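K.L.:
Hey, dropping structure_22.cif in here, mmCIF, C-alpha atoms:
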```
data_model
#
loop_
_atom_site.label_atom_id
_atom_site.label_comp_id
_atom_site.auth_asym_id
_atom_site.auth_seq_id
_atom_site.Cartn_x
_atom_site.Cartn_y
_atom_site.Cartn_z
CA MET A 9 -12.62 111.32 -49.57
CA LEU A 10 -12.78 114.17 -52.12
CA ILE A 11 -10.98 111.99 -54.69
CA LEU A 12 -13.46 109.19 -54.07
CA LEU A 13 -16.41 111.54 -54.55
CA GLN A 14 -14.89 112.90 -57.76
CA ASN A 15 -14.40 109.33 -59.00
CA LEU A 16 -18.03 108.54 -58.34
CA ILE A 17 -19.05 111.60 -60.36
CA ASP A 18 -16.62 110.89 -63.22
CA MET A 19 -16.98 107.16 -63.61
CA GLN A 20 -19.50 104.46 -63.97
CA SER A 21 -20.79 102.39 -61.09
CA LEU A 22 -21.69 98.72 -61.15
CA PHE A 23 -24.43 99.65 -58.68
CA ASN A 24 -26.00 101.73 -61.47
CA PRO A 25 -28.23 99.43 -63.59
CA GLU A 26 -27.34 101.19 -66.87
CA ALA A 27 -23.58 101.08 -66.27
CA ASN A 28 -23.86 97.46 -65.11
CA ARG A 29 -25.70 96.59 -68.33
CA LYS A 30 -23.06 98.37 -70.45
CA ILE A 31 -20.22 96.39 -68.85
CA ILE A 32 -22.11 93.17 -69.61
CA GLU A 33 -22.69 94.34 -73.20
CA ARG A 34 -18.95 94.82 -73.56
CA ILE A 35 -18.31 91.30 -72.25
CA ASN A 36 -20.83 89.94 -74.74
CA LYS A 37 -18.79 91.48 -77.59
CA LEU A 38 -15.89 89.18 -76.72
CA THR A 39 -15.36 85.87 -78.44
CA SER A 40 -13.07 82.99 -77.59
CA GLU A 41 -10.85 84.28 -80.42
CA SER A 42 -10.60 87.87 -79.11
CA LYS A 43 -6.96 88.90 -78.82
CA PRO A 44 -5.48 91.22 -76.19
CA VAL A 45 -3.99 94.57 -77.16
CA TRP A 46 -1.43 93.98 -74.38
CA GLY A 47 -0.69 91.24 -71.86
CA LYS A 48 -0.44 87.46 -72.00
CA MET A 49 -3.92 86.19 -71.06
CA ASN A 50 -6.34 84.89 -73.64
CA ALA A 51 -10.01 85.93 -73.46
CA ALA A 52 -11.13 82.93 -71.37
CA GLN A 53 -8.29 83.46 -68.89
CA MET A 54 -9.13 87.16 -68.61
CA LEU A 55 -12.77 86.33 -67.87
CA ALA A 56 -11.68 83.90 -65.15
CA HIS A 57 -9.17 86.39 -63.75
CA SER A 58 -11.82 89.13 -63.64
CA GLN A 59 -13.99 87.01 -61.36
CA ALA A 60 -11.44 86.86 -58.52
CA PRO A 61 -11.73 90.49 -57.33
CA LEU A 62 -15.52 90.20 -57.37
CA GLN A 63 -15.28 86.99 -55.35
CA VAL A 64 -13.08 88.82 -52.83
CA ALA A 65 -15.63 91.66 -52.69
CA PHE A 66 -18.36 89.15 -51.79
CA GLY A 67 -16.17 87.33 -49.27
CA GLU A 68 -16.28 84.17 -51.42
CA LEU A 69 -12.51 84.21 -51.95
CA LYS A 70 -10.63 84.83 -48.74
CA LEU A 71 -6.99 85.84 -48.94
CA LYS A 72 -4.66 86.71 -46.06
CA ARG A 73 -3.34 90.23 -45.89
CA GLY A 74 0.41 90.12 -46.28
CA LEU A 75 3.11 92.42 -44.98
CA ILE A 76 3.34 94.30 -48.30
CA GLY A 77 -0.38 95.08 -48.08
CA PHE A 78 -0.03 96.35 -44.53
CA LEU A 79 2.92 98.54 -45.49
CA PHE A 80 1.86 99.83 -48.89
CA GLY A 81 -1.82 98.99 -49.34
CA GLY A 82 -3.09 102.40 -48.22
CA ILE A 83 -0.76 104.22 -50.60
CA ALA A 84 -1.68 101.92 -53.47
CA LYS A 85 -5.40 102.32 -52.70
CA LYS A 86 -5.14 106.10 -53.08
CA LYS A 87 -3.43 105.66 -56.43
CA MET A 88 -6.01 103.13 -57.64
CA MET A 89 -8.88 105.40 -56.57
CA ALA A 90 -7.48 108.37 -58.49
CA PRO A 91 -9.41 109.43 -61.59
CA GLY A 92 -8.50 107.66 -64.81
CA PRO A 93 -7.98 104.07 -65.87
CA PHE A 94 -5.55 101.60 -64.40
CA THR A 95 -2.15 101.56 -66.06
CA LYS A 96 -1.14 98.56 -68.15
CA ASN A 97 0.75 95.61 -66.71
CA LEU A 98 0.08 96.31 -63.04
CA PRO A 99 1.20 93.53 -60.70
CA THR A 100 -1.53 91.14 -59.61
CA ALA A 101 -2.00 88.88 -56.62
CA PRO A 102 -0.69 85.36 -57.30
CA LYS A 103 -4.16 83.94 -56.45
CA PHE A 104 -5.63 86.06 -59.28
CA LEU A 105 -3.29 84.69 -61.95
CA VAL A 106 -4.88 82.35 -64.48
CA ASN A 107 -2.42 80.36 -66.57
CA ASP A 108 -4.40 77.22 -67.39
CA ASP A 109 -6.91 76.64 -70.19
CA ARG A 110 -10.48 77.72 -69.44
CA ASN A 111 -13.82 77.27 -71.14
CA PHE A 112 -14.71 80.67 -72.60
CA GLU A 113 -18.51 80.35 -72.35
CA GLU A 114 -18.40 79.02 -68.78
CA GLU A 115 -16.10 81.81 -67.61
CA LYS A 116 -18.19 84.42 -69.40
CA THR A 117 -21.38 83.19 -67.74
CA LYS A 118 -19.76 83.13 -64.28
CA LEU A 119 -18.38 86.66 -64.68
CA ILE A 120 -21.70 88.07 -65.89
CA ASP A 121 -23.49 86.41 -62.96
CA LEU A 122 -21.05 88.02 -60.50
CA ILE A 123 -21.50 91.44 -62.13
CA LYS A 124 -25.28 91.13 -61.93
CA LYS A 125 -24.99 90.11 -58.27
CA PHE A 126 -22.77 93.13 -57.59
CA GLY A 127 -25.36 95.31 -59.28
CA GLU A 128 -27.96 94.26 -56.72
CA GLY A 129 -26.30 96.66 -54.30
CA PRO A 130 -23.73 96.78 -51.56
CA GLY A 131 -25.66 94.60 -49.10
CA GLY A 132 -23.72 91.47 -50.06
CA LEU A 133 -20.25 93.02 -49.96
CA SER A 134 -17.66 91.78 -47.53
CA GLN A 135 -16.96 93.81 -44.44
CA GLN A 136 -13.55 92.15 -44.14
CA PRO A 137 -10.48 94.16 -45.16
CA HIS A 138 -9.32 93.78 -48.74
CA PRO A 139 -6.23 91.52 -48.75
CA PHE A 140 -4.05 94.32 -50.13
CA PHE A 141 -5.84 97.67 -49.74
CA GLY A 142 -7.30 97.12 -46.26
CA LYS A 143 -10.70 98.42 -45.17
CA LEU A 144 -12.87 99.55 -48.10
CA ALA A 145 -16.12 101.48 -48.12
CA ASN A 146 -18.84 100.12 -50.42
CA GLU A 147 -18.11 102.92 -52.89
CA GLU A 148 -14.42 101.96 -52.94
CA TRP A 149 -15.28 98.32 -53.69
CA ASP A 150 -17.41 99.65 -56.55
CA VAL A 151 -14.71 101.92 -57.97
CA LEU A 152 -12.12 99.12 -57.88
CA GLN A 153 -14.45 96.59 -59.50
CA TRP A 154 -15.56 98.92 -62.28
CA LYS A 155 -12.03 100.11 -63.04
CA HIS A 156 -10.70 96.53 -63.04
CA LEU A 157 -13.38 95.32 -65.44
CA ASP A 158 -12.96 98.37 -67.67
CA HIS A 159 -9.18 97.81 -67.70
CA HIS A 160 -9.46 94.24 -68.94
CA LEU A 161 -12.26 94.90 -71.41
CA THR A 162 -10.15 97.72 -72.85
CA GLN A 163 -7.25 95.27 -72.94
CA PHE A 164 -9.37 93.17 -75.31
CA GLY A 165 -10.60 96.10 -77.38
CA VAL A 166 -14.22 96.17 -76.18
#
```
Write out the structure in this file as structure tokens.

P.N.:
Amino acid sequence: MLILLQNLIDMQSLFNPEANRKIIERINKLTSESKPVWGKMNAAQMLAHSQAPLQVAFGELKLKRGLIGFLFGGIAKKKMMAPGPFTKNLPTAPKFLVNDDRNFEEEKTKLIDLIKKFGEGPGGLSQQPHPFFGKLANEEWDVLQWKHLDHHLTQFGV
């Protein structure tokens, strides 16, 4: 719990209107031609990919918790909650992979809408366990969402 509290002090929160606005500003700096500093996704695919964890947080995307999550999810959650950004090239859930062509403007609009919805507060967050990390407090959902978005926006240099 101390690590979580330190994270909340050190990092931004999508529940904070100013931090929420800044994340959206960063998204608005992207173009369909933005290139990643690392990784294989193009900008439209990254925008689509970034929606999936938010959809899980709202209970809109339901995924079964697998054996690996039961065995290692708690350990991984502690690591993901630690101060600092996510490391590059972390594994991702197969349902979060986006390999097909996407419309940049459509994906951008959908992602911004989800971020704004998240910014309305924790009332709409799922009470179901995360499919990998297990039970999450509202603050943990927030930390994971902010760090995930920051990770991918940094990936694209914004």

K.L.:
Which residues come within 9 Å of Gln136 (chain A), counting all atoms listed in the file, excluding same-chain residues fewer than 4 positions away, as a list of chain:residue names?

P.N.:
A:Ala65, A:Gly67, A:Gly142, A:Lys143, A:Leu144

K.L.:
Could you write out as a ChimeraX atom specification the residues that the PyMOL selection byres ((chain A and resi 122) around 12) matches in the shown file?

P.N.:
/A:22,28,31-32,55-56,58-66,68,115-121,123-129,132-133,153,157

K.L.:
When distances are computed from all atoms listed in the file, which of A:Pro139, A:Pro25, A:Gly77, A:Pro99 shows the smallest separation from Gly47 (chain A)?

P.N.:
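Going through A:Pro139, A:Pro25, A:Gly77, A:Pro99 one by one, the smallest distance to Gly47 (chain A) is for A:Pro99.
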
K.L.:
Please enumerate the residues selected by the PyMOL selection byres ((chain A and resi 107-113) around 12) when evaluated against the supplied file, formatted as a short mmCIF file (atom, residue, chain, number, x, y, z; two decimals) with C-alpha atoms, in the coordinates of the input.

P.N.:
```cif
data_model
loop_
_atom_site.label_atom_id
_atom_site.label_comp_id
_atom_site.auth_asym_id
_atom_site.auth_seq_id
_atom_site.Cartn_x
_atom_site.Cartn_y
_atom_site.Cartn_z
CA ILE A 35 -18.31 91.30 -72.25
CA ASN A 36 -20.83 89.94 -74.74
CA LEU A 38 -15.89 89.18 -76.72
CA THR A 39 -15.36 85.87 -78.44
CA SER A 40 -13.07 82.99 -77.59
CA GLU A 41 -10.85 84.28 -80.42
CA SER A 42 -10.60 87.87 -79.11
CA LYS A 48 -0.44 87.46 -72.00
CA MET A 49 -3.92 86.19 -71.06
CA ASN A 50 -6.34 84.89 -73.64
CA ALA A 51 -10.01 85.93 -73.46
CA ALA A 52 -11.13 82.93 -71.37
CA GLN A 53 -8.29 83.46 -68.89
CA MET A 54 -9.13 87.16 -68.61
CA LEU A 55 -12.77 86.33 -67.87
CA ALA A 56 -11.68 83.90 -65.15
CA HIS A 57 -9.17 86.39 -63.75
CA PRO A 102 -0.69 85.36 -57.30
CA LYS A 103 -4.16 83.94 -56.45
CA PHE A 104 -5.63 86.06 -59.28
CA LEU A 105 -3.29 84.69 -61.95
CA VAL A 106 -4.88 82.35 -64.48
CA GLU A 114 -18.40 79.02 -68.78
CA GLU A 115 -16.10 81.81 -67.61
CA LYS A 116 -18.19 84.42 -69.40
CA THR A 117 -21.38 83.19 -67.74
CA LYS A 118 -19.76 83.13 -64.28
CA LEU A 119 -18.38 86.66 -64.68
CA ILE A 120 -21.70 88.07 -65.89
#
```

K.L.:
List every protein, DNA or RNA residue with an atom no more than 8 Å from (-7.2, 102.9, -64.7) in the file's coordinates, counting all atoms listed in the file, and format the result as number ranges by chain.

P.N.:
A: 88, 91-95, 155-156, 158-159

K.L.:
Selected by the PyMOL selection byres ((chain A and resi 46) around 10) in the shown coordinates: which residues, as a PDB file with C-alpha atoms, in the frame of the given file?

P.N.:
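Dumped everything to result_28.pdb:
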```pdb
ATOM      1  CA  LYS A  43      -6.960  88.900 -78.820  1.00  0.00           C
ATOM      2  CA  PRO A  44      -5.480  91.220 -76.190  1.00  0.00           C
ATOM      3  CA  VAL A  45      -3.990  94.570 -77.160  1.00  0.00           C
ATOM      4  CA  GLY A  47      -0.690  91.240 -71.860  1.00  0.00           C
ATOM      5  CA  LYS A  48      -0.440  87.460 -72.000  1.00  0.00           C
ATOM      6  CA  MET A  49      -3.920  86.190 -71.060  1.00  0.00           C
ATOM      7  CA  LYS A  96      -1.140  98.560 -68.150  1.00  0.00           C
ATOM      8  CA  ASN A  97       0.750  95.610 -66.710  1.00  0.00           C
ATOM      9  CA  HIS A 160      -9.460  94.240 -68.940  1.00  0.00           C
ATOM     10  CA  THR A 162     -10.150  97.720 -72.850  1.00  0.00           C
ATOM     11  CA  GLN A 163      -7.250  95.270 -72.940  1.00  0.00           C
ATOM     12  CA  PHE A 164      -9.370  93.170 -75.310  1.00  0.00           C
ATOM     13  CA  GLY A 165     -10.600  96.100 -77.380  1.00  0.00           C
TER      14      GLY A 165
END
```

K.L.:
So how far away is CA of Pro137 (chain A) from CA of Lys72 (chain A), in Å?

P.N.:
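About the pair CA of Lys72 (chain A) and CA of Pro137 (chain A): they are 9.5 Å apart.
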
K.L.:
Report, in Å with one decimal, the straight-line distance from CA of Glu147 (chain A) to CA of Phe80 (chain A).

P.N.:
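Computing the Euclidean distance for CA of Glu147 (chain A) and CA of Phe80 (chain A) yields 20.6 Å.
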
K.L.:
What is the CA of Pro130 (chain A) to CA of Gly74 (chain A) distance in Å?

P.N.:
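Atom-to-atom, CA of Pro130 (chain A) and CA of Gly74 (chain A) are spaced 25.6 Å apart.
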
K.L.:
Show which residues sit within 7 Å of Met89 (chain A), as a VMD selection string. Count only C-alpha atoms, and ignore same-chain residues fewer than 2 positions away.

P.N.:
chain A and resid 12 85 to 87 91 151
